[in-house]
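Asker: Please find one structure pasted underneath; my questions will follow.
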Amino acid sequence: DAIEAIVVKELGRPLEALYSRFEREPIASASIGQVHRACLPDGSRVVVKVQRPGVDQTIDTDLNILLAQARFLEAHSAAMRNYRIVAIVQELSEALRAETDYMREGRHAETLRRLVAKDGDVLIPRVYWDYTSRRVITLQEIDGTKLCDLDRQSASASDLSAIARRLANIYLRQVFVYGVFHADPHPANIMLCGDKIALIDFGSMGYLSVALRDQLGNLLEALIR
């Protein structure tokens, strides 16, 4: 009921007017939100990620406590000052607070989807902007198997090697060709979809300048040699 109330408040219409079907049981859950399957009125199958109630306040409280501890440690320890833990906590805080804005996540997904449109080996879900807000994001549902659900016992070594090679190529292309990359590549955010690999969850994205890409390329070339 709390999740439904957030969707209705954020998108401004009753749930039944927004979606022809909305599954109450979530299919995935994370620290700040949960994901539900749904259908749009035109029959499009989607997933809807909804932020949990009160998560902004919880994040602010926890990060303020962490920052206070970091400042205390830096004030009383030369070793901690060398590690610059206040700066680390501040960077973590900025990144985590940014992840609570699903409009930003949608822009990340749309940017990467546009960049890889001509690639034949990667899938990025479409964002449905009419059903997206700061605390709700509606994305195209992608059928596949998450890497965390892959049965490694039944998969052959050659299959796993091929998957790893394909995935490495996808990420190297993002970093060195596009300069924009999916920055949260844990196994639950990567799906096998036949001969393609899908990436999901775009709360964290990396952006590299051309100069930095060249430096990384030179470093990689030197390491290979």
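By order of appearance in the structure tokens: chains A, B, ..., then residues from 1 within every chain, and ligands from 1 in the order shown.
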Which residues, written as a count of residues only, have at least one atom at most 9 Å from A:Pro26, with only C-alpha atoms counted and residues fewer than 2 positions away on the same chain left out?

Answerer: 8

Asker: From the DSSP assignment of the backbone, select every residue of stretch 14-173 of chain A that is strand (DSSP E or B), and format the answer as a list in words.

Answerer: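 Answer for stretch 14-173 of chain A, restricted to strand (DSSP E or B): Arg21, Phe22, Ala28, Ser29, Gly33, Gln34, Val35, His36, Arg37, Ala38, Cys39, Arg45, Val46, Val47, Val48, Lys49, Val50, Gln51, Val122, Leu123, Val127, Val136, Ile137, Thr138, Leu139, Gln140, Thr145 and Lys146 of chain A.
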
Asker: Mind writing the picked residues with N, CA and C atoms as a PDB file, in the first residue's frame?

Answerer:
ATOM      1  N   ARG A  21      -1.847  -3.566 -15.696  1.00  0.00           N
ATOM      2  CA  ARG A  21      -1.546  -4.609 -14.700  1.00  0.00           C
ATOM      3  C   ARG A  21      -0.357  -4.148 -13.884  1.00  0.00           C
ATOM      4  N   PHE A  22      -0.424  -4.345 -12.581  1.00  0.00           N
ATOM      5  CA  PHE A  22       0.685  -3.992 -11.693  1.00  0.00           C
ATOM      6  C   PHE A  22       0.785  -5.073 -10.624  1.00  0.00           C
ATOM      7  N   ALA A  28      12.246  -7.774  -7.319  1.00  0.00           N
ATOM      8  CA  ALA A  28      13.606  -7.465  -6.881  1.00  0.00           C
ATOM      9  C   ALA A  28      13.533  -6.382  -5.821  1.00  0.00           C
ATOM     10  N   SER A  29      14.556  -6.366  -4.983  1.00  0.00           N
ATOM     11  CA  SER A  29      14.564  -5.402  -3.893  1.00  0.00           C
ATOM     12  C   SER A  29      15.997  -4.991  -3.602  1.00  0.00           C
ATOM     13  N   GLY A  33      15.031   0.916  -2.967  1.00  0.00           N
ATOM     14  CA  GLY A  33      13.816   0.740  -3.752  1.00  0.00           C
ATOM     15  C   GLY A  33      13.495  -0.707  -4.021  1.00  0.00           C
ATOM     16  N   GLN A  34      12.351  -0.937  -4.663  1.00  0.00           N
ATOM     17  CA  GLN A  34      11.960  -2.289  -5.062  1.00  0.00           C
ATOM     18  C   GLN A  34      11.308  -2.219  -6.434  1.00  0.00           C
ATOM     19  N   VAL A  35      11.314  -3.380  -7.123  1.00  0.00           N
ATOM     20  CA  VAL A  35      10.908  -3.434  -8.524  1.00  0.00           C
ATOM     21  C   VAL A  35       9.686  -4.326  -8.689  1.00  0.00           C
ATOM     22  N   HIS A  36       8.702  -3.842  -9.454  1.00  0.00           N
ATOM     23  CA  HIS A  36       7.471  -4.588  -9.719  1.00  0.00           C
ATOM     24  C   HIS A  36       7.277  -4.738 -11.224  1.00  0.00           C
ATOM     25  N   ARG A  37       6.765  -5.902 -11.639  1.00  0.00           N
ATOM     26  CA  ARG A  37       6.358  -6.069 -13.037  1.00  0.00           C
ATOM     27  C   ARG A  37       5.018  -5.371 -13.248  1.00  0.00           C
ATOM     28  N   ALA A  38       4.826  -4.858 -14.481  1.00  0.00           N
ATOM     29  CA  ALA A  38       3.567  -4.192 -14.811  1.00  0.00           C
ATOM     30  C   ALA A  38       3.386  -4.198 -16.325  1.00  0.00           C
ATOM     31  N   CYS A  39       2.210  -3.779 -16.757  1.00  0.00           N
ATOM     32  CA  CYS A  39       1.915  -3.582 -18.181  1.00  0.00           C
ATOM     33  C   CYS A  39       1.330  -2.189 -18.371  1.00  0.00           C
ATOM     34  N   ARG A  45       5.170  -4.530 -21.836  1.00  0.00           N
ATOM     35  CA  ARG A  45       5.598  -5.113 -20.561  1.00  0.00           C
ATOM     36  C   ARG A  45       6.729  -4.274 -19.995  1.00  0.00           C
ATOM     37  N   VAL A  46       6.578  -3.882 -18.740  1.00  0.00           N
ATOM     38  CA  VAL A  46       7.547  -2.980 -18.124  1.00  0.00           C
ATOM     39  C   VAL A  46       7.887  -3.458 -16.715  1.00  0.00           C
ATOM     40  N   VAL A  47       8.935  -2.873 -16.183  1.00  0.00           N
ATOM     41  CA  VAL A  47       9.237  -3.016 -14.751  1.00  0.00           C
ATOM     42  C   VAL A  47       9.226  -1.612 -14.150  1.00  0.00           C
ATOM     43  N   VAL A  48       8.719  -1.525 -12.934  1.00  0.00           N
ATOM     44  CA  VAL A  48       8.571  -0.229 -12.260  1.00  0.00           C
ATOM     45  C   VAL A  48       9.383  -0.270 -10.974  1.00  0.00           C
ATOM     46  N   LYS A  49      10.394   0.599 -10.910  1.00  0.00           N
ATOM     47  CA  LYS A  49      11.194   0.694  -9.683  1.00  0.00           C
ATOM     48  C   LYS A  49      10.676   1.857  -8.859  1.00  0.00           C
ATOM     49  N   VAL A  50      10.374   1.576  -7.614  1.00  0.00           N
ATOM     50  CA  VAL A  50       9.758   2.568  -6.730  1.00  0.00           C
ATOM     51  C   VAL A  50      10.633   2.743  -5.491  1.00  0.00           C
ATOM     52  N   GLN A  51      10.885   3.990  -5.148  1.00  0.00           N
ATOM     53  CA  GLN A  51      11.693   4.274  -3.973  1.00  0.00           C
ATOM     54  C   GLN A  51      10.905   4.012  -2.702  1.00  0.00           C
ATOM     55  N   VAL A 122      24.548  -5.834 -27.220  1.00  0.00           N
ATOM     56  CA  VAL A 122      24.176  -5.299 -25.907  1.00  0.00           C
ATOM     57  C   VAL A 122      22.766  -4.710 -25.965  1.00  0.00           C
ATOM     58  N   LEU A 123      22.026  -4.878 -24.867  1.00  0.00           N
ATOM     59  CA  LEU A 123      20.674  -4.348 -24.748  1.00  0.00           C
ATOM     60  C   LEU A 123      20.603  -3.394 -23.562  1.00  0.00           C
ATOM     61  N   VAL A 127      13.374   3.766 -21.500  1.00  0.00           N
ATOM     62  CA  VAL A 127      12.745   4.494 -20.394  1.00  0.00           C
ATOM     63  C   VAL A 127      11.398   5.032 -20.871  1.00  0.00           C
ATOM     64  N   VAL A 136      10.052   7.294  -9.013  1.00  0.00           N
ATOM     65  CA  VAL A 136       9.490   6.153  -9.751  1.00  0.00           C
ATOM     66  C   VAL A 136      10.115   6.142 -11.146  1.00  0.00           C
ATOM     67  N   ILE A 137      10.585   4.975 -11.581  1.00  0.00           N
ATOM     68  CA  ILE A 137      11.090   4.866 -12.949  1.00  0.00           C
ATOM     69  C   ILE A 137      10.493   3.617 -13.596  1.00  0.00           C
ATOM     70  N   THR A 138       9.972   3.788 -14.806  1.00  0.00           N
ATOM     71  CA  THR A 138       9.353   2.692 -15.542  1.00  0.00           C
ATOM     72  C   THR A 138      10.222   2.379 -16.760  1.00  0.00           C
ATOM     73  N   LEU A 139      10.621   1.121 -16.849  1.00  0.00           N
ATOM     74  CA  LEU A 139      11.550   0.679 -17.883  1.00  0.00           C
ATOM     75  C   LEU A 139      10.996  -0.520 -18.633  1.00  0.00           C
ATOM     76  N   GLN A 140      11.411  -0.664 -19.864  1.00  0.00           N
ATOM     77  CA  GLN A 140      11.093  -1.850 -20.660  1.00  0.00           C
ATOM     78  C   GLN A 140      11.555  -3.107 -19.918  1.00  0.00           C
ATOM     79  N   THR A 145      18.526 -14.118 -18.277  1.00  0.00           N
ATOM     80  CA  THR A 145      19.013 -14.732 -17.051  1.00  0.00           C
ATOM     81  C   THR A 145      20.092 -13.854 -16.450  1.00  0.00           C
ATOM     82  N   LYS A 146      19.904 -13.432 -15.209  1.00  0.00           N
ATOM     83  CA  LYS A 146      20.930 -12.642 -14.542  1.00  0.00           C
ATOM     84  C   LYS A 146      22.172 -13.501 -14.311  1.00  0.00           C
TER      85      LYS A 146
END

Asker: Please provide the set of residues having any atom within 8 Å of A:Val175, restricted to only C-alpha atoms, with same-chain residues fewer than 6 positions apart removed, written as a ChimeraX atom specification.

Answerer: /A:181,208,213

Asker: Report as an mmCIF file with N, CA, C and O atoms, in the first residue's frame: the residues of stretch 6-106 of chain A with a DSSP assignment of alpha helix (DSSP H), based on the backbone of this structure.

Answerer:
data_model
loop_
_atom_site.group_PDB
_atom_site.id
_atom_site.type_symbol
_atom_site.label_atom_id
_atom_site.label_comp_id
_atom_site.auth_asym_id
_atom_site.auth_seq_id
_atom_site.Cartn_x
_atom_site.Cartn_y
_atom_site.Cartn_z
ATOM 1 N N ILE A 6 3.055 5.931 -3.192
ATOM 2 C CA ILE A 6 4.158 6.705 -3.771
ATOM 3 C C ILE A 6 3.986 6.841 -5.277
ATOM 4 O O ILE A 6 4.156 7.921 -5.852
ATOM 5 N N VAL A 7 3.631 5.730 -5.951
ATOM 6 C CA VAL A 7 3.431 5.769 -7.408
ATOM 7 C C VAL A 7 2.330 6.765 -7.768
ATOM 8 O O VAL A 7 2.487 7.594 -8.678
ATOM 9 N N VAL A 8 1.216 6.684 -7.059
ATOM 10 C CA VAL A 8 0.080 7.568 -7.348
ATOM 11 C C VAL A 8 0.459 9.031 -7.111
ATOM 12 O O VAL A 8 0.149 9.916 -7.922
ATOM 13 N N LYS A 9 1.150 9.298 -6.009
ATOM 14 C CA LYS A 9 1.555 10.675 -5.702
ATOM 15 C C LYS A 9 2.540 11.208 -6.732
ATOM 16 O O LYS A 9 2.425 12.355 -7.194
ATOM 17 N N GLU A 10 3.517 10.383 -7.106
ATOM 18 C CA GLU A 10 4.560 10.828 -8.027
ATOM 19 C C GLU A 10 4.039 11.030 -9.445
ATOM 20 O O GLU A 10 4.426 11.978 -10.127
ATOM 21 N N LEU A 11 3.182 10.115 -9.926
ATOM 22 C CA LEU A 11 2.740 10.160 -11.318
ATOM 23 C C LEU A 11 1.383 10.833 -11.490
ATOM 24 O O LEU A 11 0.944 11.080 -12.619
ATOM 25 N N LEU A 15 -3.409 4.080 -9.811
ATOM 26 C CA LEU A 15 -2.587 2.996 -10.344
ATOM 27 C C LEU A 15 -3.252 2.326 -11.540
ATOM 28 O O LEU A 15 -2.597 2.043 -12.552
ATOM 29 N N GLU A 16 -4.582 2.108 -11.464
ATOM 30 C CA GLU A 16 -5.287 1.425 -12.549
ATOM 31 C C GLU A 16 -5.364 2.277 -13.814
ATOM 32 O O GLU A 16 -5.553 1.745 -14.920
ATOM 33 N N ALA A 17 -5.219 3.590 -13.688
ATOM 34 C CA ALA A 17 -5.195 4.457 -14.864
ATOM 35 C C ALA A 17 -3.809 4.502 -15.498
ATOM 36 O O ALA A 17 -3.674 4.785 -16.691
ATOM 37 N N LEU A 18 -2.789 4.224 -14.690
ATOM 38 C CA LEU A 18 -1.417 4.253 -15.189
ATOM 39 C C LEU A 18 -1.031 2.950 -15.869
ATOM 40 O O LEU A 18 -0.411 2.950 -16.943
ATOM 41 N N VAL A 55 13.175 6.933 2.580
ATOM 42 C CA VAL A 55 14.567 6.548 2.344
ATOM 43 C C VAL A 55 15.486 7.762 2.331
ATOM 44 O O VAL A 55 16.639 7.671 2.756
ATOM 45 N N ASP A 56 15.010 8.920 1.857
ATOM 46 C CA ASP A 56 15.848 10.127 1.850
ATOM 47 C C ASP A 56 16.301 10.488 3.258
ATOM 48 O O ASP A 56 17.484 10.782 3.490
ATOM 49 N N GLN A 57 15.363 10.446 4.198
ATOM 50 C CA GLN A 57 15.694 10.809 5.579
ATOM 51 C C GLN A 57 16.680 9.808 6.190
ATOM 52 O O GLN A 57 17.605 10.183 6.914
ATOM 53 N N THR A 58 16.469 8.515 5.885
ATOM 54 C CA THR A 58 17.370 7.479 6.413
ATOM 55 C C THR A 58 18.778 7.666 5.877
ATOM 56 O O THR A 58 19.768 7.577 6.623
ATOM 57 N N ILE A 59 18.895 7.932 4.573
ATOM 58 C CA ILE A 59 20.204 8.141 3.956
ATOM 59 C C ILE A 59 20.891 9.360 4.564
ATOM 60 O O ILE A 59 22.084 9.316 4.915
ATOM 61 N N ASP A 60 20.157 10.458 4.702
ATOM 62 C CA ASP A 60 20.744 11.667 5.272
ATOM 63 C C ASP A 60 21.247 11.429 6.692
ATOM 64 O O ASP A 60 22.356 11.851 7.055
ATOM 65 N N THR A 61 20.453 10.736 7.489
ATOM 66 C CA THR A 61 20.847 10.465 8.880
ATOM 67 C C THR A 61 22.110 9.614 8.926
ATOM 68 O O THR A 61 23.072 9.931 9.641
ATOM 69 N N ASP A 62 22.124 8.531 8.152
ATOM 70 C CA ASP A 62 23.276 7.626 8.166
ATOM 71 C C ASP A 62 24.542 8.314 7.659
ATOM 72 O O ASP A 62 25.628 8.157 8.240
ATOM 73 N N LEU A 63 24.419 9.089 6.578
ATOM 74 C CA LEU A 63 25.598 9.750 6.017
ATOM 75 C C LEU A 63 26.116 10.851 6.930
ATOM 76 O O LEU A 63 27.335 11.058 7.026
ATOM 77 N N ASN A 64 25.219 11.556 7.606
ATOM 78 C CA ASN A 64 25.661 12.583 8.556
ATOM 79 C C ASN A 64 26.418 11.962 9.721
ATOM 80 O O ASN A 64 27.423 12.519 10.200
ATOM 81 N N ILE A 65 25.951 10.806 10.195
ATOM 82 C CA ILE A 65 26.661 10.095 11.270
ATOM 83 C C ILE A 65 28.041 9.658 10.783
ATOM 84 O O ILE A 65 29.055 9.828 11.466
ATOM 85 N N LEU A 66 28.095 9.098 9.569
ATOM 86 C CA LEU A 66 29.356 8.630 9.008
ATOM 87 C C LEU A 66 30.340 9.788 8.823
ATOM 88 O O LEU A 66 31.539 9.664 9.120
ATOM 89 N N LEU A 67 29.823 10.938 8.346
ATOM 90 C CA LEU A 67 30.684 12.100 8.140
ATOM 91 C C LEU A 67 31.221 12.628 9.471
ATOM 92 O O LEU A 67 32.401 13.004 9.571
ATOM 93 N N ALA A 68 30.388 12.641 10.490
ATOM 94 C CA ALA A 68 30.834 13.090 11.811
ATOM 95 C C ALA A 68 31.938 12.176 12.352
ATOM 96 O O ALA A 68 32.931 12.643 12.934
ATOM 97 N N GLN A 69 31.788 10.875 12.156
ATOM 98 C CA GLN A 69 32.821 9.941 12.604
ATOM 99 C C GLN A 69 34.128 10.148 11.836
ATOM 100 O O GLN A 69 35.223 10.095 12.416
ATOM 101 N N ALA A 70 34.011 10.379 10.522
ATOM 102 C CA ALA A 70 35.201 10.593 9.704
ATOM 103 C C ALA A 70 35.941 11.861 10.147
ATOM 104 O O ALA A 70 37.178 11.879 10.228
ATOM 105 N N ARG A 71 35.201 12.918 10.421
ATOM 106 C CA ARG A 71 35.832 14.171 10.869
ATOM 107 C C ARG A 71 36.528 13.990 12.214
ATOM 108 O O ARG A 71 37.625 14.527 12.437
ATOM 109 N N PHE A 72 35.896 13.234 13.108
ATOM 110 C CA PHE A 72 36.509 12.964 14.416
ATOM 111 C C PHE A 72 37.822 12.216 14.236
ATOM 112 O O PHE A 72 38.837 12.553 14.858
ATOM 113 N N LEU A 73 37.810 11.182 13.381
ATOM 114 C CA LEU A 73 39.012 10.379 13.178
ATOM 115 C C LEU A 73 40.134 11.202 12.544
ATOM 116 O O LEU A 73 41.299 11.083 12.945
ATOM 117 N N GLU A 74 39.788 12.033 11.558
ATOM 118 C CA GLU A 74 40.825 12.858 10.928
ATOM 119 C C GLU A 74 41.400 13.865 11.926
ATOM 120 O O GLU A 74 42.596 14.184 11.890
ATOM 121 N N ALA A 75 40.557 14.368 12.826
ATOM 122 C CA ALA A 75 41.022 15.359 13.799
ATOM 123 C C ALA A 75 41.951 14.754 14.841
ATOM 124 O O ALA A 75 42.764 15.472 15.444
ATOM 125 N N HIS A 76 41.862 13.444 15.037
ATOM 126 C CA HIS A 76 42.612 12.806 16.121
ATOM 127 C C HIS A 76 43.646 11.793 15.628
ATOM 128 O O HIS A 76 44.289 11.139 16.458
ATOM 129 N N ALA A 78 46.740 11.238 12.578
ATOM 130 C CA ALA A 78 47.492 11.633 11.385
ATOM 131 C C ALA A 78 47.336 10.599 10.279
ATOM 132 O O ALA A 78 47.268 10.944 9.092
ATOM 133 N N ALA A 79 47.277 9.336 10.662
ATOM 134 C CA ALA A 79 47.111 8.270 9.662
ATOM 135 C C ALA A 79 45.794 8.427 8.910
ATOM 136 O O ALA A 79 45.738 8.275 7.682
ATOM 137 N N MET A 80 44.723 8.751 9.640
ATOM 138 C CA MET A 80 43.425 8.939 8.987
ATOM 139 C C MET A 80 43.435 10.167 8.085
ATOM 140 O O MET A 80 42.799 10.180 7.032
ATOM 141 N N ARG A 81 44.172 11.219 8.484
ATOM 142 C CA ARG A 81 44.273 12.388 7.618
ATOM 143 C C ARG A 81 44.975 12.043 6.310
ATOM 144 O O ARG A 81 44.620 12.561 5.249
ATOM 145 N N ASN A 82 45.963 11.159 6.386
ATOM 146 C CA ASN A 82 46.659 10.732 5.161
ATOM 147 C C ASN A 82 45.719 10.007 4.207
ATOM 148 O O ASN A 82 45.863 10.115 2.988
ATOM 149 N N TYR A 83 44.770 9.268 4.761
ATOM 150 C CA TYR A 83 43.805 8.550 3.921
ATOM 151 C C TYR A 83 42.685 9.453 3.411
ATOM 152 O O TYR A 83 41.904 9.048 2.555
ATOM 153 N N ILE A 85 39.821 10.446 4.731
ATOM 154 C CA ILE A 85 38.549 9.725 4.807
ATOM 155 C C ILE A 85 37.342 10.672 4.775
ATOM 156 O O ILE A 85 36.261 10.265 4.359
ATOM 157 N N VAL A 86 37.514 11.932 5.191
ATOM 158 C CA VAL A 86 36.395 12.879 5.075
ATOM 159 C C VAL A 86 36.039 13.086 3.608
ATOM 160 O O VAL A 86 34.863 13.068 3.223
ATOM 161 N N ALA A 87 37.053 13.256 2.763
ATOM 162 C CA ALA A 87 36.809 13.430 1.333
ATOM 163 C C ALA A 87 36.160 12.191 0.727
ATOM 164 O O ALA A 87 35.275 12.283 -0.136
ATOM 165 N N ILE A 88 36.583 11.015 1.194
ATOM 166 C CA ILE A 88 35.994 9.753 0.698
ATOM 167 C C ILE A 88 34.519 9.682 1.065
ATOM 168 O O ILE A 88 33.663 9.334 0.237
ATOM 169 N N VAL A 89 34.194 10.001 2.323
ATOM 170 C CA VAL A 89 32.797 9.966 2.763
ATOM 171 C C VAL A 89 31.967 11.004 2.019
ATOM 172 O O VAL A 89 30.817 10.746 1.634
ATOM 173 N N GLN A 90 32.537 12.178 1.776
ATOM 174 C CA GLN A 90 31.805 13.210 1.031
ATOM 175 C C GLN A 90 31.514 12.755 -0.402
ATOM 176 O O GLN A 90 30.419 12.997 -0.923
ATOM 177 N N GLU A 91 32.478 12.102 -1.025
ATOM 178 C CA GLU A 91 32.254 11.598 -2.390
ATOM 179 C C GLU A 91 31.199 10.492 -2.391
ATOM 180 O O GLU A 91 30.324 10.451 -3.259
ATOM 181 N N LEU A 92 31.274 9.594 -1.392
ATOM 182 C CA LEU A 92 30.262 8.541 -1.255
ATOM 183 C C LEU A 92 28.880 9.158 -1.061
ATOM 184 O O LEU A 92 27.899 8.716 -1.672
ATOM 185 N N SER A 93 28.793 10.190 -0.221
ATOM 186 C CA SER A 93 27.516 10.834 0.060
ATOM 187 C C SER A 93 26.920 11.438 -1.202
ATOM 188 O O SER A 93 25.726 11.292 -1.479
ATOM 189 N N GLU A 94 27.751 12.110 -1.978
ATOM 190 C CA GLU A 94 27.277 12.737 -3.213
ATOM 191 C C GLU A 94 26.748 11.685 -4.185
ATOM 192 O O GLU A 94 25.685 11.853 -4.791
ATOM 193 N N ALA A 95 27.484 10.579 -4.326
ATOM 194 C CA ALA A 95 27.076 9.527 -5.255
ATOM 195 C C ALA A 95 25.781 8.862 -4.800
ATOM 196 O O ALA A 95 24.879 8.602 -5.612
ATOM 197 N N LEU A 96 25.667 8.590 -3.502
ATOM 198 C CA LEU A 96 24.484 7.892 -2.997
ATOM 199 C C LEU A 96 23.246 8.774 -3.075
ATOM 200 O O LEU A 96 22.163 8.309 -3.464
ATOM 201 N N ARG A 97 23.391 10.037 -2.743
ATOM 202 C CA ARG A 97 22.234 10.940 -2.840
ATOM 203 C C ARG A 97 21.794 11.105 -4.293
ATOM 204 O O ARG A 97 20.605 11.232 -4.579
ATOM 205 N N ALA A 98 22.751 11.097 -5.213
ATOM 206 C CA ALA A 98 22.398 11.206 -6.632
ATOM 207 C C ALA A 98 21.589 10.004 -7.096
ATOM 208 O O ALA A 98 20.712 10.118 -7.954
ATOM 209 N N TYR A 102 15.588 9.208 -9.668
ATOM 210 C CA TYR A 102 15.376 8.272 -10.766
ATOM 211 C C TYR A 102 15.275 8.974 -12.126
ATOM 212 O O TYR A 102 15.461 8.329 -13.166
ATOM 213 N N MET A 103 14.999 10.255 -12.143
ATOM 214 C CA MET A 103 15.050 10.993 -13.408
ATOM 215 C C MET A 103 16.489 10.992 -13.933
ATOM 216 O O MET A 103 16.729 10.827 -15.132
ATOM 217 N N ARG A 104 17.419 11.163 -13.036
ATOM 218 C CA ARG A 104 18.834 11.121 -13.406
ATOM 219 C C ARG A 104 19.205 9.736 -13.919
ATOM 220 O O ARG A 104 19.909 9.597 -14.916
ATOM 221 N N GLU A 105 18.721 8.704 -13.236
ATOM 222 C CA GLU A 105 18.983 7.344 -13.687
ATOM 223 C C GLU A 105 18.411 7.107 -15.080
ATOM 224 O O GLU A 105 19.040 6.466 -15.928
ATOM 225 N N GLY A 106 17.217 7.643 -15.319
ATOM 226 C CA GLY A 106 16.612 7.500 -16.638
ATOM 227 C C GLY A 106 17.447 8.167 -17.721
ATOM 228 O O GLY A 106 17.599 7.625 -18.823
#

Asker: Skip A:Gly120 itself and residues of its chain fewer than 6 positions away, then list as a PyMOL selection string all residues within 10 Å of it, counting only C-alpha atoms.

Answerer: chain A and resi 195-197

Asker: With C-alpha atoms kept, could you save the residues just selected as a tab-separated table (two decimals), in the first residue's frame?

Answerer:
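Saved file part_5.tsv follows:
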chain	number	residue	atom	x	y	z
A	195	ASP	CA	23.32	-13.81	-28.10
A	196	LYS	CA	23.09	-10.44	-26.36
A	197	ILE	CA	23.96	-9.09	-22.93

Asker: Show which residues sit within 10 Å of A:Leu150, as a short mmCIF file (atom, residue, chain, number, x, y, z; two decimals) with all heavy atoms, in the first residue's frame. Count only C-alpha atoms, and ignore same-chain residues fewer than 3 positions away.

Answerer:
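Generated file (result_38.cif):
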data_model
loop_
_atom_site.label_atom_id
_atom_site.label_comp_id
_atom_site.auth_asym_id
_atom_site.auth_seq_id
_atom_site.Cartn_x
_atom_site.Cartn_y
_atom_site.Cartn_z
N THR A 145 18.53 -14.12 -18.28
CA THR A 145 19.01 -14.73 -17.05
C THR A 145 20.09 -13.85 -16.45
O THR A 145 21.09 -13.53 -17.12
CB THR A 145 19.61 -16.12 -17.33
OG1 THR A 145 18.63 -16.94 -17.95
CG2 THR A 145 20.06 -16.78 -16.03
N LYS A 146 19.90 -13.43 -15.21
CA LYS A 146 20.93 -12.64 -14.54
C LYS A 146 22.17 -13.50 -14.31
O LYS A 146 22.07 -14.71 -14.06
CB LYS A 146 20.41 -12.11 -13.21
CG LYS A 146 19.30 -11.07 -13.35
CD LYS A 146 18.86 -10.55 -11.99
CE LYS A 146 17.76 -9.51 -12.13
NZ LYS A 146 17.33 -9.00 -10.82
N LEU A 147 23.33 -12.88 -14.35
CA LEU A 147 24.56 -13.63 -14.12
C LEU A 147 24.56 -14.29 -12.75
O LEU A 147 25.11 -15.37 -12.58
CB LEU A 147 25.78 -12.70 -14.24
CG LEU A 147 26.18 -12.22 -15.63
CD1 LEU A 147 27.55 -11.57 -15.59
CD2 LEU A 147 26.17 -13.34 -16.65
N GLN A 153 27.17 -24.87 -12.88
CA GLN A 153 27.43 -26.31 -12.88
C GLN A 153 27.13 -26.92 -14.24
O GLN A 153 27.82 -27.83 -14.70
CB GLN A 153 26.58 -27.00 -11.79
CG GLN A 153 26.85 -26.51 -10.38
CD GLN A 153 28.29 -26.74 -9.95
OE1 GLN A 153 28.87 -27.76 -10.24
NE2 GLN A 153 28.86 -25.75 -9.26
N SER A 154 26.07 -26.42 -14.88
CA SER A 154 25.67 -27.00 -16.17
C SER A 154 26.35 -26.31 -17.35
O SER A 154 26.43 -26.86 -18.44
CB SER A 154 24.15 -26.94 -16.34
OG SER A 154 23.70 -25.60 -16.33
N ALA A 155 26.84 -25.09 -17.15
CA ALA A 155 27.50 -24.36 -18.24
C ALA A 155 28.92 -24.88 -18.42
O ALA A 155 29.64 -25.14 -17.45
CB ALA A 155 27.52 -22.87 -17.94
N LEU A 160 31.27 -20.21 -20.46
CA LEU A 160 31.57 -19.16 -19.49
C LEU A 160 32.67 -18.24 -20.00
O LEU A 160 32.63 -17.02 -19.80
CB LEU A 160 31.99 -19.80 -18.16
CG LEU A 160 30.90 -20.60 -17.43
CD1 LEU A 160 31.47 -21.28 -16.20
CD2 LEU A 160 29.74 -19.71 -17.04
N PRO A 187 26.70 -8.95 -10.62
CA PRO A 187 26.00 -9.99 -11.40
C PRO A 187 24.49 -9.83 -11.49
O PRO A 187 23.89 -10.34 -12.44
CB PRO A 187 26.38 -11.28 -10.66
CG PRO A 187 27.69 -10.98 -10.01
CD PRO A 187 27.61 -9.54 -9.62
N MET A 191 22.46 -9.31 -17.57
CA MET A 191 21.58 -10.41 -17.97
C MET A 191 22.03 -10.99 -19.30
O MET A 191 22.45 -10.27 -20.21
CB MET A 191 20.13 -9.93 -18.08
CG MET A 191 19.56 -9.36 -16.81
SD MET A 191 17.89 -8.68 -17.03
CE MET A 191 16.96 -10.17 -17.36
N LEU A 192 21.92 -12.31 -19.42
CA LEU A 192 22.14 -12.99 -20.69
C LEU A 192 20.81 -13.10 -21.41
O LEU A 192 19.85 -13.63 -20.86
CB LEU A 192 22.73 -14.38 -20.45
CG LEU A 192 24.07 -14.45 -19.73
CD1 LEU A 192 24.49 -15.90 -19.57
CD2 LEU A 192 25.13 -13.66 -20.48
#

Asker: Between atom CA of A:Ala162 and atom CA of A:Cys193, what is the distance, to one decimal in Å?

Answerer: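 Atom CA of A:Cys193 lies at a distance of 13.8 Å from atom CA of A:Ala162.
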
Asker: One decimal, Å: what's the distance from atom CA of A:Gly12 over to atom CA of A:Gly203, could you say?

Answerer: 23.7 Å
